[in-house]
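Q: The structure that follows is given in the form of structure tokens.
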Amino acid sequence: MPTVTLSALLTDATTRLTAAGIPTAEARTEARVLIQHAFSLTREQLILRPDAELDATFLEPWLLRRAGREPLAYILGEREFYGLGFRVTPAVLIPRPETEHLVEVVTGPLAPDHGGIHAVLDIGTGSGCIAITLAKLLPDAEVWATDISEAALEIARENAARHGVHVEFCLGDLLAPLPPEQCFTVIVSNPPYIAPSETSTLEPEVRDFEPHTALFDPALGGEGLSFYRRLAREAPARLLPGGLLAVEVGQGQDKAVARLWRDAGLVDVAITLDLAGIGRVVSGTKL
Ligand code: GLN
């Protein structure tokens with residue numbers, strides 16, 4: 001069995017990931033994670049035993065996938081969101097750290113009645129990361145979630161079971177599958193907001209692997225705002241008085257969405273910035 005030392009393997013794997021176009025800082029971290037995964041090593045073992053002899057062929061399939069720009073989260077089948085582990089497959093969008101701001105807006109000072117949240121709806125739930133995190137943080141609230149993809153809902157159900165929370169999952173378009181009389185204290189969504197014209201600006205991990213229905217606004221030639229227009233039209237009628245409509249938006253969409261919220265009659269419309277200073281969450285309250 002041809003063996004190499006762990007440190008040589010790490011250097012070689014980092015070089016190959018860098019050559020595949022992955023930025024160096026990420027390449028090293030990801031090479032570490034892939035080695036841990038391939039050889040079932042803890043982080044401590046990886047650090048403390050640089051001279052350990054390993055059979056490099058075990059790493060090869062994992063390395064080939066990542067060098068082919070498959071996202072690490074799909075390779076591992078797992079991504080952390082708000083401190084919780086979520087199973088992810090190519091049927092669902094990979095949860096992003098900036099989406100955590102949406103959870104903060106709902107549970108923070110902009111929240112209706114500071115905790116009087118009875119019914120929450122997450123539209124386009126994907127992996128279920130937002131709905132499930134909110135169900136964890138707001139144990140007294142009834143949480144509903146919709147998605148147009150049955151394959152995504154299967155993953156979301158699995159994630160809800162894993163975290164021991166009940167979420168009422170409904171298959172269908174935006175609010176269409178909900179019982180007509182059901183209203184909410186909070187409606188959240190991280191809808192597909194990338195304009196199809198921006199496809200060429202996306203990294204291969206996103207463009208070639210993540211579900212296009214979760215990424216792209218289907219309207220050709222628009223600015224990625226179709227779902228916000230539909231939410232502005234359809235969601236306020238499902239909010240209880242004092243209820244909050246909060247969405248994640250793409251870079252540069254915050255002001256246009258804030259305008260849509262005001263035009264829909266929502267008040268206290270606010271834009272929350274992400275850690276990069278980009279307007280990331282637009283929220284508004286129903287009178
Ligand atoms: N709600 C999920 C998330 O934020 C999926 C969003 C989507 O598919 N557009 O990750």
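Ligands are numbered from 1 in the order shown, chains are lettered A, B, ... in the order of the structure tokens, and residues start at 1 in each chain.
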Taking only C-alpha atoms and all ligand atoms and a cut-off of 9 Å, can you tell me which residues surround ligand 1, written as a ChimeraX atom specification?
A: /A:81,92-96,99-100,102,122-131,147,152,188-193,211-216,248
Q: Could you list, as an MDAnalysis selection string, every residue within 10 Å of A:Glu203, counting only C-alpha atoms and ignoring same-chain residues fewer than 5 positions away?
A: chainID A and resid 21:22 69 208:209
Q: Between atom CA of A:Glu30 and atom CA of A:Gly277, what is the distance in Å, rounded to a tenth?
A: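 About the pair atom CA of A:Glu30 and atom CA of A:Gly277: they are 26.3 Å apart.
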Q: As a PyMOL selection string, please: every residue in stretch 10-225 of chain A that a backbone DSSP assignment puts in alpha helix (DSSP H).
A: chain A and resi 10-19+24-39+43-48+60-67+72-76+100-107+129-137+150-162+204-209+212-215
Q: Taking only C-alpha atoms into account, which of A:Leu244, A:Leu64, A:Leu46, A:Cys183 comes nearest A:Thr107?
A: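 So, comparing all the options, the nearest one is A:Leu244.
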Q: Give me the residues near stretch 3-14 of chain A as a compact mmCIF listing (two decimals) with N, CA, C and O atoms, in the first residue's frame, where near means some atom within 6 Å (using only C-alpha atoms) and where sequence neighbours in that chain fewer than 3 positions away do not count.
A:
```
# COMPACT_ATOMS: atom_id res chain seq x y z
N LEU A 17 -6.76 21.53 -5.09
CA LEU A 17 -8.00 22.31 -5.00
C LEU A 17 -7.75 23.75 -5.49
O LEU A 17 -8.59 24.33 -6.17
N ALA A 27 -9.20 26.51 0.15
CA ALA A 27 -8.69 25.21 -0.32
C ALA A 27 -8.05 24.44 0.83
O ALA A 27 -8.25 23.24 0.98
N ARG A 28 -7.27 25.16 1.67
CA ARG A 28 -6.59 24.48 2.76
C ARG A 28 -7.60 23.96 3.80
O ARG A 28 -7.51 22.82 4.24
N ALA A 31 -9.50 21.07 2.25
CA ALA A 31 -8.66 19.87 2.15
C ALA A 31 -8.62 19.17 3.51
O ALA A 31 -8.74 17.94 3.60
N PRO A 50 0.79 14.98 12.26
CA PRO A 50 1.16 15.31 10.87
C PRO A 50 2.01 14.23 10.20
O PRO A 50 2.04 14.15 8.97
N ASP A 51 2.67 13.36 11.02
CA ASP A 51 3.54 12.33 10.42
C ASP A 51 2.83 11.00 10.20
O ASP A 51 3.45 10.05 9.71
N ALA A 52 1.56 10.93 10.55
CA ALA A 52 0.83 9.67 10.36
C ALA A 52 0.85 9.28 8.90
O ALA A 52 0.74 10.14 8.01
N GLU A 53 1.04 7.97 8.64
CA GLU A 53 1.10 7.48 7.25
C GLU A 53 -0.31 7.08 6.80
O GLU A 53 -0.98 6.30 7.48
N LEU A 54 -0.73 7.59 5.67
CA LEU A 54 -2.09 7.32 5.19
C LEU A 54 -2.05 6.84 3.75
O LEU A 54 -1.14 7.18 2.98
N ASP A 55 -3.07 6.05 3.39
CA ASP A 55 -3.21 5.60 2.00
C ASP A 55 -3.98 6.67 1.22
O ASP A 55 -5.19 6.84 1.40
```
Q: Of the candidates A:Val186, A:Ile132, A:Ala56, A:Ile271, which shows the shortest atom-to-atom distance to A:Gly164, using only C-alpha atoms?
A: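 Residue with the minimum atom-to-atom distance to A:Gly164: A:Ile132.
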Q: Which is closer to A:Leu153 than all the others in A:Ser197, A:Val106, A:Gly243, A:Thr89, using only C-alpha atoms?
A: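 The answer is A:Thr89, which sits nearest to A:Leu153.
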Q: Can you pull out every residue within 9 Å of A:Leu239, counting only C-alpha atoms, but drop anything in the same chain fewer than 2 positions away, and send it as a PyMOL selection string?
A: chain A and resi 183-187+235-237+241-245+285-286
Q: Would you please work out which residue, of A:Glu26, A:Glu210, A:Glu44, A:Glu168, is nearest to A:Ala141 when using only C-alpha atoms?
A: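 Ranked by minimum distance to A:Ala141, first place goes to A:Glu168.
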Q: Identify, on the basis of only C-alpha atoms, every residue whose closest approach to A:Leu220 does not exceed 12 Å; exclude the query and any residue fewer than 5 positions from it along the same chain; express the result as a list in words.
A: Tyr193, Ile194, Ala195, Pro196, Ser197, Glu198, Thr199, Leu225 and Ser226 of chain A
Q: Given only C-alpha atoms as the basis, pick out the residue of A:Leu266, A:Val257, A:Ala67, A:Val33 nearest to A:Leu240.
A: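 With only C-alpha atoms as the atom set, the closest residue is A:Leu266.
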Q: Would you please give, as a PyMOL selection string, all residues of stretch 5-181 of chain A that DSSP assigns to strand (DSSP E) based on the backbone?
A: chain A and resi 5+53-55+78-81+84-87+119-123+142-147+167-171
Q: Take the residues from that selection and write them out as a PDB file, in the first residue's frame, keeping C-alpha atoms.
A:
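This went into again.pdb:
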```pdb
ATOM      1  CA  THR A   5       2.324  11.446   5.519  1.00  0.00           C
ATOM      2  CA  GLU A  53       1.097   7.485   7.252  1.00  0.00           C
ATOM      3  CA  LEU A  54      -2.091   7.324   5.186  1.00  0.00           C
ATOM      4  CA  ASP A  55      -3.214   5.600   2.002  1.00  0.00           C
ATOM      5  CA  GLU A  78     -24.314  18.475   5.730  1.00  0.00           C
ATOM      6  CA  ARG A  79     -24.223  22.236   6.456  1.00  0.00           C
ATOM      7  CA  GLU A  80     -24.498  24.183   9.669  1.00  0.00           C
ATOM      8  CA  PHE A  81     -27.060  26.968  10.002  1.00  0.00           C
ATOM      9  CA  LEU A  84     -27.716  23.482  13.936  1.00  0.00           C
ATOM     10  CA  GLY A  85     -26.672  20.760  11.476  1.00  0.00           C
ATOM     11  CA  PHE A  86     -28.835  20.333   8.382  1.00  0.00           C
ATOM     12  CA  ARG A  87     -28.787  17.515   5.866  1.00  0.00           C
ATOM     13  CA  ALA A 119     -47.964  31.249  13.824  1.00  0.00           C
ATOM     14  CA  VAL A 120     -44.981  31.437  11.497  1.00  0.00           C
ATOM     15  CA  LEU A 121     -44.822  30.699   7.765  1.00  0.00           C
ATOM     16  CA  ASP A 122     -41.631  30.079   5.773  1.00  0.00           C
ATOM     17  CA  ILE A 123     -42.244  30.292   2.016  1.00  0.00           C
ATOM     18  CA  GLU A 142     -47.014  26.861  15.216  1.00  0.00           C
ATOM     19  CA  VAL A 143     -44.629  26.743  12.232  1.00  0.00           C
ATOM     20  CA  TRP A 144     -45.734  26.201   8.650  1.00  0.00           C
ATOM     21  CA  ALA A 145     -43.545  25.914   5.563  1.00  0.00           C
ATOM     22  CA  THR A 146     -44.236  25.609   1.853  1.00  0.00           C
ATOM     23  CA  ASP A 147     -42.126  24.592  -1.120  1.00  0.00           C
ATOM     24  CA  VAL A 167     -43.349  21.927  11.121  1.00  0.00           C
ATOM     25  CA  GLU A 168     -46.469  21.727   8.974  1.00  0.00           C
ATOM     26  CA  PHE A 169     -44.955  21.227   5.510  1.00  0.00           C
ATOM     27  CA  CYS A 170     -47.150  21.929   2.459  1.00  0.00           C
ATOM     28  CA  LEU A 171     -46.329  21.226  -1.178  1.00  0.00           C
TER      29      LEU A 171
END
```
Q: Could you please determine the separation between atom CA of A:Ala276 and atom CA of A:Gly252 in Å, to one decimal place?
A: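 These atoms are spaced 12.8 Å apart.
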Q: Give the answer as one residue: which of A:Ile117, A:Ala232, A:Ala160, A:Ala19 has the shortest atom-to-atom distance to A:Lys136, using only C-alpha atoms?
A: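 Among A:Ile117, A:Ala232, A:Ala160, A:Ala19, it is A:Ala160 that comes nearest to A:Lys136.
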